[in-house]
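Student: Below is entry.txt; it holds compact mmCIF, C-alpha atoms.
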# COMPACT_ATOMS: atom_id res chain seq x y z
CA MET A 842 36.69 7.52 23.82
CA GLN A 843 36.71 7.54 27.62
CA GLY A 844 34.37 9.86 29.55
CA ARG A 845 35.46 11.99 32.47
CA GLY A 846 35.71 9.74 35.50
CA VAL A 847 33.72 6.93 33.82
CA VAL A 848 35.11 3.44 33.33
CA CYS A 849 33.72 0.54 31.33
CA ALA A 850 32.90 -1.61 34.35
CA VAL A 851 30.19 -3.54 32.51
CA MET A 852 30.99 -5.97 29.72
CA ILE A 853 28.53 -7.19 27.12
CA THR A 854 28.77 -10.14 24.72
CA ALA A 855 27.89 -10.13 21.04
CA ARG A 856 24.74 -12.14 21.68
CA GLU A 857 23.69 -9.82 24.49
CA LEU A 858 24.12 -6.89 22.11
CA ASN A 859 21.83 -8.65 19.65
CA ARG A 860 19.17 -9.14 22.31
CA ALA A 861 19.47 -5.53 23.47
CA SER A 862 18.83 -4.31 19.92
CA LEU A 863 15.88 -6.63 19.40
CA SER A 864 14.34 -5.64 22.73
CA ARG A 865 14.54 -1.93 22.02
CA GLN A 866 13.29 -2.41 18.48
CA LEU A 867 10.21 -4.31 19.71
CA LEU A 868 11.39 -7.50 18.01
CA LEU A 869 11.53 -9.78 21.03
CA GLU A 870 7.83 -9.34 21.62
CA ARG A 871 5.16 -7.31 19.89
CA GLU A 872 3.67 -4.62 22.11
CA ARG A 873 0.29 -2.91 22.12
CA LEU A 874 1.14 0.68 21.19
CA THR A 875 -0.33 3.43 19.09
CA VAL A 876 1.42 3.98 15.77
CA PRO A 877 3.01 7.32 16.76
CA ASP A 878 4.18 5.89 20.09
CA ALA A 879 5.65 2.81 18.43
CA ILE A 880 7.56 4.90 15.90
CA ARG A 881 8.88 7.14 18.66
CA ARG A 882 10.03 4.04 20.59
CA VAL A 883 12.08 2.74 17.65
CA VAL A 884 13.25 6.27 16.67
CA ALA A 885 12.46 6.09 12.94
CA LEU A 886 11.34 3.66 10.26
CA GLN A 887 13.06 3.36 6.91
CA ALA A 888 10.58 4.44 4.25
CA GLN A 889 12.30 4.25 0.85
CA HIS A 890 9.67 1.73 -0.20
CA PRO A 891 6.15 2.87 0.68
CA ALA A 892 5.24 -0.53 2.15
CA SER A 893 8.22 -0.83 4.47
CA PRO A 894 6.97 1.27 7.43
CA TYR A 895 3.77 -0.77 7.43
CA LEU A 896 5.61 -4.08 7.49
CA ALA A 897 8.01 -2.75 10.11
CA LEU A 898 5.11 -1.89 12.40
CA TRP A 899 3.38 -5.22 11.71
CA ASN A 900 6.54 -6.88 13.03
CA ARG A 901 6.51 -4.78 16.21
CA VAL A 902 2.96 -3.84 17.23
CA THR A 903 0.27 -6.19 18.56
CA GLY A 904 -2.78 -6.15 16.32
CA PHE A 905 -1.30 -3.56 13.96
CA ALA A 906 -3.91 -2.22 11.52
CA PRO A 907 -2.48 -0.52 8.41
CA ALA A 908 -5.30 2.01 8.51
CA GLU A 909 -3.78 3.39 11.72
CA LEU A 910 -0.62 4.39 9.86
CA ASP A 911 -2.69 5.76 6.98
CA SER A 912 -4.44 8.05 9.46
CA ALA A 913 -1.20 9.03 11.17
CA PHE A 914 0.26 10.15 7.84
CA ILE A 915 -2.90 12.02 6.83
CA GLU A 916 -3.15 13.77 10.20
CA GLN A 917 0.61 14.47 10.17
CA ALA A 918 1.14 12.74 13.51
CA VAL A 919 3.79 10.80 11.58
CA VAL A 920 5.71 12.37 8.72
CA LYS A 921 7.86 11.02 5.92
CA ALA A 922 10.97 12.98 4.97
CA THR A 923 14.63 12.76 3.99
CA LEU A 924 16.62 12.47 7.21
CA MET A 925 19.28 10.07 8.47
CA ARG A 926 21.65 8.66 5.85
CA ILE A 927 19.97 10.99 3.34
CA THR A 928 17.16 8.45 3.01
CA LEU A 929 13.43 8.57 3.54
CA HIS A 930 12.23 7.86 7.07
CA ALA A 931 8.88 7.88 8.82
CA VAL A 932 9.20 9.67 12.16
CA HIS A 933 6.97 11.10 14.86
CA ALA A 934 6.06 14.63 13.75
CA GLU A 935 7.34 16.13 16.99
CA ASP A 936 10.74 14.49 16.43
CA TYR A 937 11.22 15.77 12.89
CA PRO A 938 12.64 19.25 13.69
CA VAL A 939 15.39 18.02 16.03
CA LEU A 940 16.33 15.04 13.86
CA ARG A 941 16.56 17.28 10.82
CA ALA A 942 18.67 19.84 12.69
CA ALA A 943 21.06 17.09 13.75
CA VAL A 944 21.64 15.80 10.20
CA GLN A 945 21.42 19.14 8.38
CA PRO A 946 25.21 19.37 7.83
CA THR A 947 25.03 16.07 5.91
CA LEU A 948 22.10 17.30 3.82
CA TYR A 949 23.96 20.55 3.19
CA ALA A 950 27.18 18.85 2.08
CA SER A 951 25.57 16.14 -0.02
CA ARG A 952 22.73 18.00 -1.67
CA LEU A 953 24.31 21.40 -2.31
CA GLY A 954 27.33 19.83 -3.94
CA PHE A 955 27.48 17.46 -6.91
CA ARG A 956 24.47 17.94 -9.21
CA PHE A 957 23.37 21.19 -7.54
CA ALA A 958 26.86 22.64 -7.96
CA GLU A 959 27.18 21.21 -11.48
CA ALA A 960 24.14 23.29 -12.40
CA GLY A 961 26.24 26.36 -11.55
CA LEU A 962 24.52 26.99 -8.23
CA THR A 963 25.97 27.78 -4.82
CA PRO A 964 24.75 27.27 -1.24
CA ALA A 965 23.89 30.97 -1.20
CA ASP A 966 21.52 30.31 -4.11
CA ALA A 967 19.85 27.58 -2.05
CA ASP A 968 19.43 29.89 0.93
CA GLU A 969 17.79 32.43 -1.36
CA LEU A 970 15.47 29.89 -3.01
CA VAL A 971 14.29 27.90 0.02
CA PRO A 972 11.92 30.48 1.61
CA GLY A 973 10.01 30.92 -1.64
CA LEU A 974 9.96 27.19 -2.27
CA LEU A 975 8.48 26.57 1.18
CA ALA A 976 5.88 29.28 0.66
CA PHE A 977 4.89 27.60 -2.62
CA ALA A 978 4.65 24.25 -0.83
CA ARG A 979 2.32 25.41 1.94
CA ARG A 980 -0.12 23.01 0.31
CA PRO A 981 0.94 19.70 -1.31
CA ARG A 982 2.66 20.07 -4.67
CA THR A 983 3.59 17.36 -7.12
CA SER A 984 7.19 16.89 -8.13
CA ALA A 985 6.32 18.32 -11.55
CA GLU A 986 4.86 21.45 -9.94
CA MET A 987 7.95 21.90 -7.79
CA GLN A 988 10.24 21.50 -10.78
CA ALA A 989 8.17 24.03 -12.72
CA TRP A 990 8.56 26.51 -9.84
CA VAL A 991 12.34 26.02 -9.92
CA GLU A 992 12.48 26.27 -13.71
CA GLU A 993 10.57 29.54 -13.68
CA ARG A 994 13.30 31.07 -11.51
CA LEU A 995 16.45 29.40 -12.81
CA GLY A 996 15.68 28.24 -16.33
CA ALA A 997 15.40 24.79 -17.86
CA GLU A 998 19.14 24.09 -17.87
CA LYS A 999 19.47 24.44 -14.11
CA LYS A 1000 16.11 22.95 -13.15
CA ASP A 1001 17.08 19.30 -12.71
CA GLY A 1002 20.22 19.90 -10.67
CA ALA A 1003 18.56 22.56 -8.55
CA TRP A 1004 15.52 20.44 -7.71
CA TRP A 1005 17.72 17.40 -7.00
CA GLY A 1006 19.44 19.39 -4.27
CA LEU A 1007 16.50 21.33 -2.93
CA LYS A 1008 14.07 18.43 -2.50
CA ALA A 1009 16.33 16.93 0.18
CA TYR A 1010 17.96 20.08 1.55
CA ALA A 1011 14.77 22.10 2.02
CA PRO A 1012 12.62 21.06 5.01
CA LEU A 1013 9.93 19.23 3.05
CA HIS A 1014 7.66 16.35 3.99
CA HIS A 1015 6.32 13.87 1.48
CA ALA A 1016 2.57 14.40 1.22
CA PRO A 1017 0.35 11.28 1.14
CA THR A 1018 -0.80 10.49 -2.38
CA GLY A 1019 -3.04 7.47 -1.71
CA GLY A 1020 -2.53 3.97 -3.03
CA PRO A 1021 -2.02 0.85 -0.96
CA TRP A 1022 0.67 2.36 1.30
CA SER A 1023 -0.24 6.08 1.52
CA PHE A 1024 2.60 7.04 -0.85
CA GLY A 1025 3.25 6.06 -4.43
CA PHE A 1026 6.49 6.26 -6.40
CA ARG A 1027 5.62 9.72 -7.77
CA PRO A 1028 5.99 11.90 -4.68
CA SER A 1029 4.26 15.09 -3.70
CA PHE A 1030 5.78 17.54 -1.26
CA VAL A 1031 4.58 19.91 1.43
CA ALA A 1032 6.51 22.38 3.57
CA ALA A 1033 7.47 20.96 6.93
CA GLY A 1034 6.60 24.16 8.75
CA THR A 1035 9.74 24.04 10.89
CA GLY A 1036 10.84 27.59 10.16
CA PRO A 1037 13.73 28.81 8.02
CA VAL A 1038 16.74 26.65 7.28
CA THR A 1039 19.74 27.79 9.30
CA ALA A 1040 23.29 27.68 7.97
CA GLY A 1041 24.00 24.02 7.36
CA ARG A 1042 27.75 23.74 7.65
CA ALA A 1043 27.88 22.84 11.34
CA ALA A 1044 25.80 20.54 13.49
CA GLU A 1045 23.52 22.03 16.11
CA PRO A 1046 25.08 20.59 19.27
CA GLN A 1047 21.86 20.23 21.25
CA ALA A 1048 20.09 18.57 18.32
CA LEU A 1049 22.91 16.09 17.81
CA GLN A 1050 22.94 15.28 21.53
CA THR A 1051 19.21 14.63 21.42
CA LEU A 1052 19.58 12.39 18.38
CA ILE A 1053 22.33 10.42 20.13
CA LEU A 1054 20.22 9.88 23.25
CA ARG A 1055 17.26 8.78 21.14
CA TYR A 1056 19.47 6.49 19.10
CA LEU A 1057 21.01 4.86 22.18
CA ALA A 1058 17.56 4.34 23.70
CA GLY A 1059 16.33 2.70 20.49
CA PHE A 1060 19.42 0.84 19.30
CA GLY A 1061 22.08 0.85 22.05
CA PRO A 1062 24.52 0.02 23.40
CA ALA A 1063 26.51 1.40 20.48
CA SER A 1064 29.88 2.80 19.47
CA VAL A 1065 30.82 6.20 18.09
CA ALA A 1066 31.05 4.53 14.68
CA ASP A 1067 27.55 3.09 15.07
CA VAL A 1068 26.04 6.50 15.86
CA ALA A 1069 27.88 8.07 12.93
CA GLN A 1070 26.66 5.31 10.61
CA PHE A 1071 23.03 5.63 11.73
CA ALA A 1072 22.88 9.38 11.21
CA MET A 1073 25.58 9.69 8.54
CA VAL A 1074 27.38 12.37 10.48
CA GLN A 1075 31.10 12.66 11.07
CA ARG A 1076 32.59 10.88 14.06
CA ALA A 1077 34.29 13.96 15.51
CA PRO A 1078 31.03 15.78 16.33
CA VAL A 1079 29.62 12.52 17.70
CA ARG A 1080 32.57 12.23 20.10
CA GLU A 1081 32.17 15.86 21.08
CA ALA A 1082 28.45 15.38 21.73
CA LEU A 1083 29.12 12.30 23.85
CA ARG A 1084 31.64 14.24 25.91
CA ALA A 1085 28.99 16.89 26.48
CA LEU A 1086 26.58 14.14 27.55
CA ASP A 1087 28.99 12.80 30.16
CA GLY A 1088 26.82 11.75 33.08
CA ALA A 1089 23.75 11.27 30.86
CA VAL A 1090 25.26 8.22 29.18
CA GLU A 1091 27.18 5.25 30.51
CA GLN A 1092 29.96 3.21 28.99
CA VAL A 1093 29.98 -0.51 28.33
CA GLN A 1094 32.85 -2.68 27.15
CA GLY A 1095 31.93 -4.37 23.89
CA PRO A 1096 32.80 -7.91 22.77
CA ASP A 1097 35.98 -6.68 21.05
CA GLY A 1098 37.07 -4.63 24.06
CA GLY A 1099 35.97 -1.35 22.51
CA THR A 1100 33.86 1.28 24.24
CA LEU A 1101 30.12 1.33 23.71
CA PHE A 1102 27.69 3.94 25.02
CA ASP A 1103 24.20 3.52 26.40
CA VAL A 1104 21.44 5.30 28.23
CA PRO A 1105 21.22 4.36 31.91
CA GLY A 1106 18.61 1.69 32.43
CA GLY A 1107 18.43 0.67 28.79
CA PRO A 1108 17.20 -2.95 28.55
CA ARG A 1109 19.91 -5.60 28.05
CA PRO A 1110 18.19 -8.99 28.12
CA PRO A 1111 20.22 -12.13 28.81
CA ALA A 1112 21.90 -13.84 25.86
CA ASP A 1113 19.54 -16.83 26.10
CA THR A 1114 16.37 -14.73 25.80
CA PRO A 1115 14.19 -16.34 23.09
CA ALA A 1116 13.86 -14.33 19.88
CA PRO A 1117 10.80 -15.19 17.77
CA PRO A 1118 11.05 -15.51 13.98
CA ARG A 1119 10.18 -12.45 11.93
CA LEU A 1120 9.70 -11.57 8.25
CA MET A 1121 11.42 -8.21 8.07
CA ALA A 1122 10.64 -5.35 5.70
CA MET A 1123 13.04 -4.17 3.01
CA TRP A 1124 15.56 -1.72 4.47
CA ASP A 1125 14.42 -2.44 8.03
CA SER A 1126 16.21 -0.03 10.35
CA VAL A 1127 17.64 -2.71 12.62
CA LEU A 1128 19.70 -4.03 9.69
CA LEU A 1129 21.22 -0.63 8.89
CA ALA A 1130 21.63 1.17 12.20
CA TYR A 1131 25.18 0.00 12.98
CA ALA A 1132 28.65 0.30 11.53
CA ASP A 1133 29.14 -3.31 12.66
CA ARG A 1134 26.10 -4.96 11.12
CA SER A 1135 27.13 -8.40 12.40
CA ARG A 1136 24.98 -7.51 15.41
CA VAL A 1137 22.04 -8.78 13.35
CA ILE A 1138 23.47 -9.90 9.97
CA PRO A 1139 26.05 -12.72 9.94
CA PRO A 1140 28.98 -11.37 7.87
CA ALA A 1141 28.72 -14.13 5.27
CA TYR A 1142 25.13 -13.13 4.54
CA ARG A 1143 25.63 -9.39 4.33
CA PRO A 1144 26.37 -9.28 0.55
CA LEU A 1145 23.36 -11.50 -0.07
CA VAL A 1146 20.87 -9.15 1.61
CA ILE A 1147 22.55 -5.75 1.13
CA ARG A 1148 23.09 -5.45 -2.61
CA ARG A 1149 25.67 -3.22 -4.26
CA ASN A 1150 23.09 -0.70 -5.43
CA GLY A 1151 21.85 -0.22 -1.85
CA ASP A 1152 18.80 -2.47 -1.98
CA VAL A 1153 18.31 -4.30 1.33
CA LEU A 1154 16.16 -7.36 0.73
CA PRO A 1155 13.28 -8.47 2.97
CA THR A 1156 14.86 -10.93 5.39
CA LEU A 1157 14.05 -13.88 7.60
CA LEU A 1158 15.02 -13.29 11.21
CA VAL A 1159 15.60 -16.56 13.09
CA ASP A 1160 16.91 -16.62 16.66
CA GLY A 1161 17.54 -12.89 16.29
CA TYR A 1162 19.79 -13.07 13.23
CA VAL A 1163 19.26 -12.85 9.48
CA ALA A 1164 18.87 -16.39 8.16
CA GLY A 1165 17.53 -15.81 4.66
CA VAL A 1166 15.16 -13.74 2.55
CA TRP A 1167 11.49 -13.84 1.60
CA ARG A 1168 9.19 -12.67 -1.16
CA PRO A 1169 5.49 -13.10 -1.99
CA VAL A 1170 4.69 -15.65 -4.71
CA ASP A 1171 1.53 -17.29 -5.97
CA GLY A 1172 0.28 -19.46 -3.16
CA GLY A 1173 2.16 -17.94 -0.27
CA ILE A 1174 5.40 -16.46 0.99
CA GLU A 1175 8.57 -17.95 -0.52
CA ALA A 1176 11.26 -18.25 2.16
CA THR A 1177 14.88 -18.84 1.12
CA ALA A 1178 17.03 -20.02 4.02
CA PHE A 1179 20.80 -19.52 3.85
CA HIS A 1180 21.40 -22.39 6.27
CA SER A 1181 19.44 -25.34 7.64
CA LEU A 1182 16.61 -24.36 9.95
CA SER A 1183 14.88 -26.45 12.57
CA GLN A 1184 11.30 -27.54 12.08
CA ALA A 1185 10.31 -25.26 14.95
CA ALA A 1186 11.85 -22.31 13.09
CA TRP A 1187 9.99 -23.22 9.90
CA ASP A 1188 6.74 -23.55 11.86
CA GLY A 1189 7.28 -20.12 13.41
CA LEU A 1190 8.00 -18.57 10.02
CA ALA A 1191 4.89 -20.22 8.58
CA ALA A 1192 2.75 -18.62 11.30
CA GLU A 1193 4.28 -15.23 10.53
CA ALA A 1194 3.70 -15.81 6.82
CA ARG A 1195 -0.01 -16.45 7.37
CA SER A 1196 -0.31 -13.16 9.23
CA LEU A 1197 1.71 -11.32 6.59
CA ARG A 1198 -0.38 -12.71 3.75
CA ALA A 1199 -3.52 -11.43 5.46
CA LEU A 1200 -1.98 -7.95 5.73
CA LEU A 1201 -0.72 -7.92 2.15
CA GLY A 1202 -3.94 -9.33 0.73
CA ASP A 1203 -5.79 -6.14 1.59
CA ARG A 1204 -3.04 -3.93 0.19
CA GLU A 1205 -0.50 -5.32 -2.28
CA ALA A 1206 -0.21 -9.10 -2.48
CA LYS A 1207 3.00 -8.98 -4.56
CA VAL A 1208 4.81 -6.31 -2.55
CA TYR A 1209 8.45 -5.63 -3.53
CA SER A 1210 7.94 -7.41 -6.88
CA ARG A 1211 10.17 -4.88 -8.68
CA HIS A 1212 13.10 -6.23 -6.63
CA HIS A 1213 12.57 -9.92 -7.38
CA HIS A 1214 15.40 -9.94 -9.93
CA TRP A 1215 17.84 -10.31 -7.03
CA TRP A 1216 16.62 -13.83 -6.32
CA ALA A 1217 18.35 -15.10 -9.48
CA LYS A 1218 21.66 -14.08 -7.90
CA LEU A 1219 21.16 -15.97 -4.63
CA PRO A 1220 23.02 -19.23 -3.93
CA GLU A 1221 21.19 -22.55 -4.14
CA THR A 1222 19.72 -23.11 -0.69
CA GLU A 1223 16.58 -24.48 0.90
CA VAL A 1224 13.45 -22.78 -0.39
CA ARG A 1225 9.94 -23.30 0.96
CA THR A 1226 6.62 -21.71 0.18
CA LEU A 1227 4.87 -20.88 3.44
Could you render the structure from this file as structure tokens?
Tutor:
Amino acid sequence: MQGRGVVCAVMITARELNRASLSRQLLLERERLTVPDAIRRVVALQAQHPASPYLALWNRVTGFAPAELDSAFIEQAVVKATLMRITLHAVHAEDYPVLRAAVQPTLYASRLGFRFAEAGLTPADADELVPGLLAFARRPRTSAEMQAWVEERLGAEKKDGAWWGLKAYAPLHHAPTGGPWSFGFRPSFVAAGTGPVTAGRAAEPQALQTLILRYLAGFGPASVADVAQFAMVQRAPVREALRALDGAVEQVQGPDGGTLFDVPGGPRPPADTPAPPRLMAMWDSVLLAYADRSRVIPPAYRPLVIRRNGDVLPTLLVDGYVAGVWRPVDGGIEATAFHSLSQAAWDGLAAEARSLRALLGDREAKVYSRHHHWWAKLPETEVRTL
């Protein structure tokens, strides 16, 4: 898509794109930021696994203390909710309303169809149920309590399908339940307090424009397809929003000659900028924020780290690209490299592993252990315990 009177005068290489992403995601150098400010800088943190936002911040923030994120969740400076790609994210509380408004059409289409519809319910039923559900959830409610509320109104046969749809469609936050990472695997819910849900069939143009600007600041330069992938919204409204933002965004010619978009002044470090090794969390946002994931994941490694069921394994980042996976084991962090690494890379990973072990030792030494079955399906490569 070409903007009015704007040409792609600037070209960017694939490696420069990689460095731009790492810079904006605080992965070229840790910075000293508060937890809410760091999360706002990187837009959102994937939070399907309770530990992942903590490990994501450890990778990005100088001197990160997990207790800071505990407090941010308790004080609701940071909230956890279903947002982009219909998955759980941790976001700055002030960003939640606009991000939710931007992706509401996706939540509407995905959660009020399928199991919700199979239960014999319609979107009109959802609109009728949501205000009462939110009133019930003014204080934290367990999933069982929420299901009981739904069953009381719709009956046992419709309960499961109705709650499946409503728990993502209704503006609900996950309420902290304690444990090593603030949230366990049995969620509780609390009303987001963002007001009534508006009709969800169409995107709110201003909200989508805001999401796009935030996304470009945190992940750009990026294509229409990249934006659509990040938010899981259709490409047509993304193009329309970018046209409306003409003058607020600039265009860059990508490595394949296609048009990328960016915020003016967004950092684009040189291709030879050093990228330190990192031990990335499961589902880290930088691995999932693009339609073309080769920006960070070499194509040959993508099926090894992004499994068919949607699991995204904790990865080694070496020279800015995925180079393997890691998991905690007795005695250290087991690193599986998909190709030969230099001794300097191994030394850098070992230093990161020492820091990670200290963080995990106070919380959950065997984090992600329920996903270790994937290691049996990895190819035979170099494995070291760090």
Student: Set the distance at 12 Å and use only C-alpha atoms: which residues neighbour Glu998 (chain A) once local chain neighbours fewer than 2 positions away are removed? I'd like the list as a ChimeraX atom specification.
Tutor: /A:956-957,959-962,988,991-996,1000-1004
Student: Which residue out of A:Gly1006, A:Gly1059, A:Pro1012, A:Pro894 has the minimum interatomic distance to Pro938 (chain A) when only C-alpha atoms are used?
Tutor: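 Checking each candidate against Pro938 (chain A), we get A:Pro1012 as the closest.
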Student: Kindly give the distance, in Å, that separates CA of Gly1189 (chain A) and CA of Pro1117 (chain A), rounded to a single decimal.
Tutor: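 These two atoms are separated by 7.5 Å.
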Student: Please provide as a compact mmCIF listing (two decimals) with C-alpha atoms, keeping the file's coordinate frame all residues within 9 Å of region 973-976 of chain A, with the sequence filter that same-chain residues fewer than 4 positions apart are discarded (counting only C-alpha atoms).
Tutor:
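Written out: selection-v9.txt:
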# COMPACT_ATOMS: atom_id res chain seq x y z
CA GLU A 969 17.79 32.43 -1.36
CA ARG A 980 -0.12 23.01 0.31
CA MET A 987 7.95 21.90 -7.79
CA TRP A 990 8.56 26.51 -9.84
CA VAL A 991 12.34 26.02 -9.92
CA LEU A 1007 16.50 21.33 -2.93
CA ALA A 1011 14.77 22.10 2.02
CA PRO A 1012 12.62 21.06 5.01
CA LEU A 1013 9.93 19.23 3.05
CA VAL A 1031 4.58 19.91 1.43
CA ALA A 1032 6.51 22.38 3.57
CA ALA A 1033 7.47 20.96 6.93
CA GLY A 1034 6.60 24.16 8.75
CA PRO A 1037 13.73 28.81 8.02
Student: So, counting all atoms listed in the file, which residue among A:Val1153, A:Leu858, A:Ala989, A:Ala967 is closest to Gly954 (chain A)?
Tutor: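 Residue with the minimum atom-to-atom distance to Gly954 (chain A): A:Ala967.
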Student: Pick the closest to Leu929 (chain A) from A:Ala943, A:Ala1009, A:Ile853, A:Val1159: which is it, counting all atoms listed in the file?
Tutor: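 Residue with the minimum atom-to-atom distance to Leu929 (chain A): A:Ala1009.
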